[in-house]
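Enquirer: First, the structure itself, so that you have it in front of you.
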Amino acid sequence: MQITIPKKYIILDVFAAICILVSFILVMFFTPIEMTMGYVQKIFYFHVAHAWIGMLSFIVAAAASFMYLIRKNSVYDLIAESAVEIGLYFTIIAVISGSIWAKPAWNTWWTWDPRLTTTTIMAFIYAGYQFLRQSLDNPDKKGRILALYCIIGCISVPLTFFSIRGYRSIHPVLIGNTSQGMGMTPPMILMMIISIFSFTVLYLALMQHRFLYAKIKEETEAEKYEMEYEDE
Amino acid sequence: MKKFIITLHALIRKDFTIERHTREIFLVMFFFALSILFILNFVLDTDIKARNSGAAGLIWIISVISGQLCLNQIMSLEEENDMLQSLLSAPIPLTAVYLAKTITCFFGMYGMTLILFPLYSVLYNVSLYSANLLWIAALGCWGYASLGVIISTMTIQTRMRDILLPVLFFPVIIPLIVAVVKVTQTVFTGETLNSASTWISQLIIFNIIFTTIGIISFDSLIKD
């Protein structure tokens with residue numbers, strides 16, 4: 001089967017590449033060096049962006065799953081499939097990059113902070129989603145079961161966060177709470193916004209490719225399933 | 001409504017009759033829980049402080065792990081001799097099937113948990129008796145069963161079946177486990193239940209949300 005990537009996809013790919021490159025150069029050479037943490041603080045620009053994409057992606061997946069249950073259109077299932085996979089990778093990178101940052105900043109690789117714990121549990125839920133997808137054959141049932149599990153996972157994540165919010169936290173708060181904030185200067189805040197924007201563009205570029213791949217895979221699997229069904 | 005209750009009663013009776021004849025679920029589950037309770041002895045040893053402070057968490061972890069055997073079996077027995085297909089083709093509301101499975105699983109879990117509390121007390125010489133445990137365990141077990149039956153219905157339709165259940169189920173059940181352990185701990189330490197009101201609310205919310213999801217979605221989950 002000949003797979004051709006539409007030319008319009010390349011526009012977003014190039015734009016994403018430029019954004020990421022510019023962000024990387026700005027973070028490395030133009031952002032101020034934090035007084036106490038030094039260079040290691042620069043991880044934070046990528047860590048926060050990855051965590052944001054992870055969260056955004058899972059929300060997109062839950063919304064697409066909900067739409068699938070209402071409309072029964074397989075496009076929504078493919079969007080959910082793509083969003084969960086990309087979101088899972090970004091979340092895992094966010095947890096690992098956070099851990100690398102935490103060692104010099106907190107003198108520990110891991111702490112049972114509500115945000116860390118919830119994010120990791122979220123990764124477990126969506127890793128389970130991936131296993132579930134691999135293990136289902138019937139295309140129609142597959143969509144319904146996966147959509148429901150995605151919604152259950154999406155409901156469980158905030159409940160988990162609320163259930164462990166009382167645990168001691170040393171995680172910096174970027175928005176809303178000044179007493180536990182990082183004391184970010186305006187150039188740092190600007191860089192954070194640029195970084196989040198760049199990774200969002202990268203996310204959109206990845207989504208279009210993953211969606212195309214999911215579509216081709218679905219067509220192939222449907223043919224395979226029909227052939228097996230006919231044989232039986 | 002009357003027809004619905006008759007169907008529900010018949011389905012529950014069917015599951016209990018199968019269990020009475022085969023003894024494949026509750027007895028196995030209970031002995032599994034008992035084995036873990038004994039293994040704990042080698043971990044806790046003579047640490048009296050750990051036996052006391054960890055009682056709530058340990059008992060619920062044993063219940064959760066053992067209950068998984070019940071969830072695996074409760075839906076799998078419908079797969080034998082195409083019983084599931086017969087149920088699907090029968091002129092009965094599928095919501096009744098969901099509620100029947102949840103109630104059967106609830107009774108299994110509830111019975112086991114209520115046995116575990118005094119058993120832990122006797123084996124580890126810790127006083128864990130309180131009437132409040134009756135309704136706390138009921139809330140915990142209902143939440144477990146209501147979500148567990150949904151996930152179990154999903155996994156019986158996969159190629160990986162039983163292996164997949166804990167991977168899918170344990171991460172989503174965490175809010176229930178945290179809440180029920182906190183409330184149980186409050187009872188064990190002798191504090192008033194007012195101090196655990198947030199956790200109790202969370203338990204109730206969890207139960208309502210997942211029972212509603214089960215009732216609404218069971219049809220689309222199981223139908224071809």
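Ligands are numbered from 1 in the order shown, residues from 1 within each chain, and chains are lettered A, B, ... in the order they appear in the structure tokens.
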Please report, as JSON lines, each residue of chain A lying at most 8 Å from chain B, together with the nearest pair of atoms and the separation in Å rounded to one decimal; use only C-alpha atoms, and order rows by chain and ascending residue number.

Expert:
{"residue": "A:Ile121", "atom": "CA", "partner": "B:Pro171", "partner_atom": "CA", "distance": 6.1}
{"residue": "A:Met122", "atom": "CA", "partner": "B:Pro171", "partner_atom": "CA", "distance": 7.8}
{"residue": "A:Phe124", "atom": "CA", "partner": "B:Pro171", "partner_atom": "CA", "distance": 6.4}
{"residue": "A:Ile125", "atom": "CA", "partner": "B:Pro171", "partner_atom": "CA", "distance": 5.7}
{"residue": "A:Gly128", "atom": "CA", "partner": "B:Leu168", "partner_atom": "CA", "distance": 5.2}
{"residue": "A:Tyr129", "atom": "CA", "partner": "B:Leu168", "partner_atom": "CA", "distance": 7.3}
{"residue": "A:Phe131", "atom": "CA", "partner": "B:Leu164", "partner_atom": "CA", "distance": 7.7}
{"residue": "A:Leu132", "atom": "CA", "partner": "B:Thr158", "partner_atom": "CA", "distance": 7.4}
{"residue": "A:Ser135", "atom": "CA", "partner": "B:Thr158", "partner_atom": "CA", "distance": 5.2}
{"residue": "A:Leu136", "atom": "CA", "partner": "B:Thr158", "partner_atom": "CA", "distance": 5.0}
{"residue": "A:Asp137", "atom": "CA", "partner": "B:Thr158", "partner_atom": "CA", "distance": 7.5}
{"residue": "A:Lys141", "atom": "CA", "partner": "B:Asp224", "partner_atom": "CA", "distance": 6.9}
{"residue": "A:Arg144", "atom": "CA", "partner": "B:Leu221", "partner_atom": "CA", "distance": 6.5}
{"residue": "A:Ile145", "atom": "CA", "partner": "B:Leu221", "partner_atom": "CA", "distance": 5.9}
{"residue": "A:Leu148", "atom": "CA", "partner": "B:Ser217", "partner_atom": "CA", "distance": 7.8}
{"residue": "A:Tyr149", "atom": "CA", "partner": "B:Ile151", "partner_atom": "CA", "distance": 7.9}
{"residue": "A:Ile152", "atom": "CA", "partner": "B:Val172", "partner_atom": "CA", "distance": 7.5}
{"residue": "A:Gly153", "atom": "CA", "partner": "B:Val172", "partner_atom": "CA", "distance": 6.2}
{"residue": "A:Ser156", "atom": "CA", "partner": "B:Val172", "partner_atom": "CA", "distance": 5.5}
{"residue": "A:Val157", "atom": "CA", "partner": "B:Val172", "partner_atom": "CA", "distance": 7.6}
{"residue": "A:Leu159", "atom": "CA", "partner": "B:Pro175", "partner_atom": "CA", "distance": 5.8}
{"residue": "A:Thr160", "atom": "CA", "partner": "B:Pro175", "partner_atom": "CA", "distance": 4.7}
{"residue": "A:Ser163", "atom": "CA", "partner": "B:Pro175", "partner_atom": "CA", "distance": 5.8}
{"residue": "A:Ile164", "atom": "CA", "partner": "B:Val178", "partner_atom": "CA", "distance": 7.7}

Enquirer: Write out, as a compact mmCIF listing (two decimals), in the first residue's frame, the residues just selected, with N, CA and C atoms.

Expert:
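Final file, part-v3.txt:
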# COMPACT_ATOMS: atom_id res chain seq x y z
N ILE A 121 -0.37 8.37 38.00
CA ILE A 121 -1.55 7.48 37.96
C ILE A 121 -2.28 7.68 36.63
N MET A 122 -2.33 8.93 36.17
CA MET A 122 -2.96 9.24 34.88
C MET A 122 -2.23 8.48 33.76
N PHE A 124 -0.65 5.68 34.13
CA PHE A 124 -1.01 4.25 34.28
C PHE A 124 -2.36 3.98 33.62
N ILE A 125 -3.33 4.89 33.87
CA ILE A 125 -4.68 4.69 33.32
C ILE A 125 -4.62 4.63 31.79
N GLY A 128 -3.01 1.58 30.41
CA GLY A 128 -4.02 0.52 30.42
C GLY A 128 -4.92 0.64 29.19
N TYR A 129 -5.27 1.87 28.84
CA TYR A 129 -6.10 2.14 27.64
C TYR A 129 -5.41 1.57 26.40
N PHE A 131 -3.23 -0.91 26.26
CA PHE A 131 -3.31 -2.39 26.32
C PHE A 131 -4.70 -2.86 25.89
N LEU A 132 -5.71 -2.13 26.38
CA LEU A 132 -7.09 -2.49 26.05
C LEU A 132 -7.32 -2.39 24.54
N SER A 135 -5.92 -5.25 22.65
CA SER A 135 -6.50 -6.54 22.96
C SER A 135 -7.92 -6.74 22.44
N LEU A 136 -8.48 -5.70 21.78
CA LEU A 136 -9.85 -5.82 21.28
C LEU A 136 -9.85 -6.00 19.76
N ASP A 137 -10.74 -6.87 19.27
CA ASP A 137 -10.77 -7.16 17.83
C ASP A 137 -11.96 -6.54 17.10
N LYS A 141 -17.37 -2.79 18.73
CA LYS A 141 -17.31 -2.93 20.18
C LYS A 141 -16.09 -2.21 20.74
N ARG A 144 -16.67 1.47 21.35
CA ARG A 144 -17.56 1.75 22.49
C ARG A 144 -16.85 1.50 23.81
N ILE A 145 -16.16 0.34 23.90
CA ILE A 145 -15.48 -0.02 25.14
C ILE A 145 -14.37 0.99 25.45
N LEU A 148 -15.69 4.40 26.60
CA LEU A 148 -16.17 4.37 27.97
C LEU A 148 -15.01 4.35 28.97
N TYR A 149 -13.98 3.55 28.66
CA TYR A 149 -12.84 3.49 29.58
C TYR A 149 -12.13 4.84 29.64
N ILE A 152 -14.16 7.03 31.90
CA ILE A 152 -13.98 6.61 33.30
C ILE A 152 -12.62 7.10 33.81
N GLY A 153 -11.59 6.96 32.99
CA GLY A 153 -10.25 7.41 33.36
C GLY A 153 -10.23 8.90 33.59
N SER A 156 -11.84 9.66 36.87
CA SER A 156 -11.05 9.16 38.00
C SER A 156 -9.85 10.07 38.34
N VAL A 157 -9.27 10.71 37.31
CA VAL A 157 -8.07 11.53 37.55
C VAL A 157 -8.34 12.70 38.51
N LEU A 159 -10.74 12.96 40.65
CA LEU A 159 -11.11 12.37 41.95
C LEU A 159 -9.85 11.95 42.72
N THR A 160 -8.88 11.39 41.99
CA THR A 160 -7.62 10.99 42.62
C THR A 160 -6.91 12.22 43.16
N SER A 163 -8.54 13.39 46.25
CA SER A 163 -8.38 12.47 47.38
C SER A 163 -7.00 12.55 48.00
N ILE A 164 -6.00 13.02 47.25
CA ILE A 164 -4.66 13.07 47.85
C ILE A 164 -4.16 14.51 48.00

Enquirer: Which polymer residues have any atom within 6 Å of an atom of range 81-98 of chain B, counting only C-alpha atoms, with same-chain residues fewer than 5 positions away left out, as a PyMOL selection string?

Expert: chain B and resi 8+215+219

Enquirer: Neighbouring residues of Phe29 in chain A were defined as those with any atom within 12 Å, considering only C-alpha atoms; residues of the same chain fewer than 5 positions away were excluded. Please report them as a PyMOL selection string.

Expert: chain A and resi 22-24+39+42+191

Enquirer: Quick one: distance from CA of Met207 in chain A to CA of Met55 in chain A in Å, one decimal?

Expert: 14.4 Å

Enquirer: From the options B:Phe38, B:Lys49, B:Asp15, B:Phe106, which residue's atoms come nearest to Ser76 in chain B, counting only C-alpha atoms?

Expert: B:Asp15

Enquirer: I need the residue nearest Trp112 in chain A from this list: A:Val201, A:Arg165, A:Gly143, A:Thr220. Use only C-alpha atoms for the distance.

Expert: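 Checking each of A:Val201, A:Arg165, A:Gly143, A:Thr220 against Trp112 in chain A, counting only C-alpha atoms, the winner is A:Arg165.
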
Enquirer: Would you kindly return, as a CSV table (one decimal) with C-alpha atoms, in the first residue's frame, each protein, DNA or RNA residue with an atom no farther than 10 Å from any atom of range 97-110 of chain A, considering only C-alpha atoms and excluding same-chain residues fewer than 3 positions away?

Expert:
chain,number,residue,atom,x,y,z
A,36,THR,CA,19.5,29.2,43.5
A,37,MET,CA,19.0,26.4,41.1
A,38,GLY,CA,21.2,27.6,38.2
A,40,VAL,CA,18.9,23.0,36.0
A,41,GLN,CA,15.9,25.3,36.3
A,42,LYS,CA,15.9,25.5,32.5
A,43,ILE,CA,14.4,22.0,32.4
A,44,PHE,CA,11.3,23.6,33.8
A,46,PHE,CA,10.2,21.9,28.8
A,47,HIS,CA,8.8,20.0,31.8
A,48,VAL,CA,5.8,22.3,32.1
A,50,HIS,CA,5.2,18.5,28.3
A,51,ALA,CA,2.8,18.2,31.3
A,91,THR,CA,3.2,12.7,30.3
A,92,ILE,CA,5.9,10.1,30.7
A,93,ILE,CA,8.5,12.7,29.5
A,94,ALA,CA,7.0,15.2,32.0
A,113,ASP,CA,3.2,15.1,46.0
A,116,LEU,CA,3.3,14.0,40.8
A,117,THR,CA,1.2,11.1,42.0
A,170,ILE,CA,6.8,20.8,47.8
A,171,HIS,CA,5.9,21.1,44.1

Enquirer: Which is closer to Thr200 in chain A than all the others in A:Cys19, A:Ala63, A:Met184, A:Ala214, using only C-alpha atoms?

Expert: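 Selected residue with least distance to Thr200 in chain A: A:Cys19.
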
Enquirer: Rounded to one decimal, what separation in Å do you get between CA of Asn52 in chain B and CA of Gly143 in chain B?

Expert: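 Value for the CA of Asn52 in chain B-CA of Gly143 in chain B distance: 25.3 Å.
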
Enquirer: At what distance in Å, to one decimal, does CA of Ala61 in chain A lie from CA of Ala80 in chain A?

Expert: 4.1 Å

Enquirer: As JSON, numbers by chain, please: the residues near Leu202 in chain A (cut-off 9 Å, only C-alpha atoms, same-chain neighbours under 3 positions excluded).

Expert: {"A": [12, 13, 15, 16, 17, 19, 20, 197, 198, 199, 205, 206, 207]}
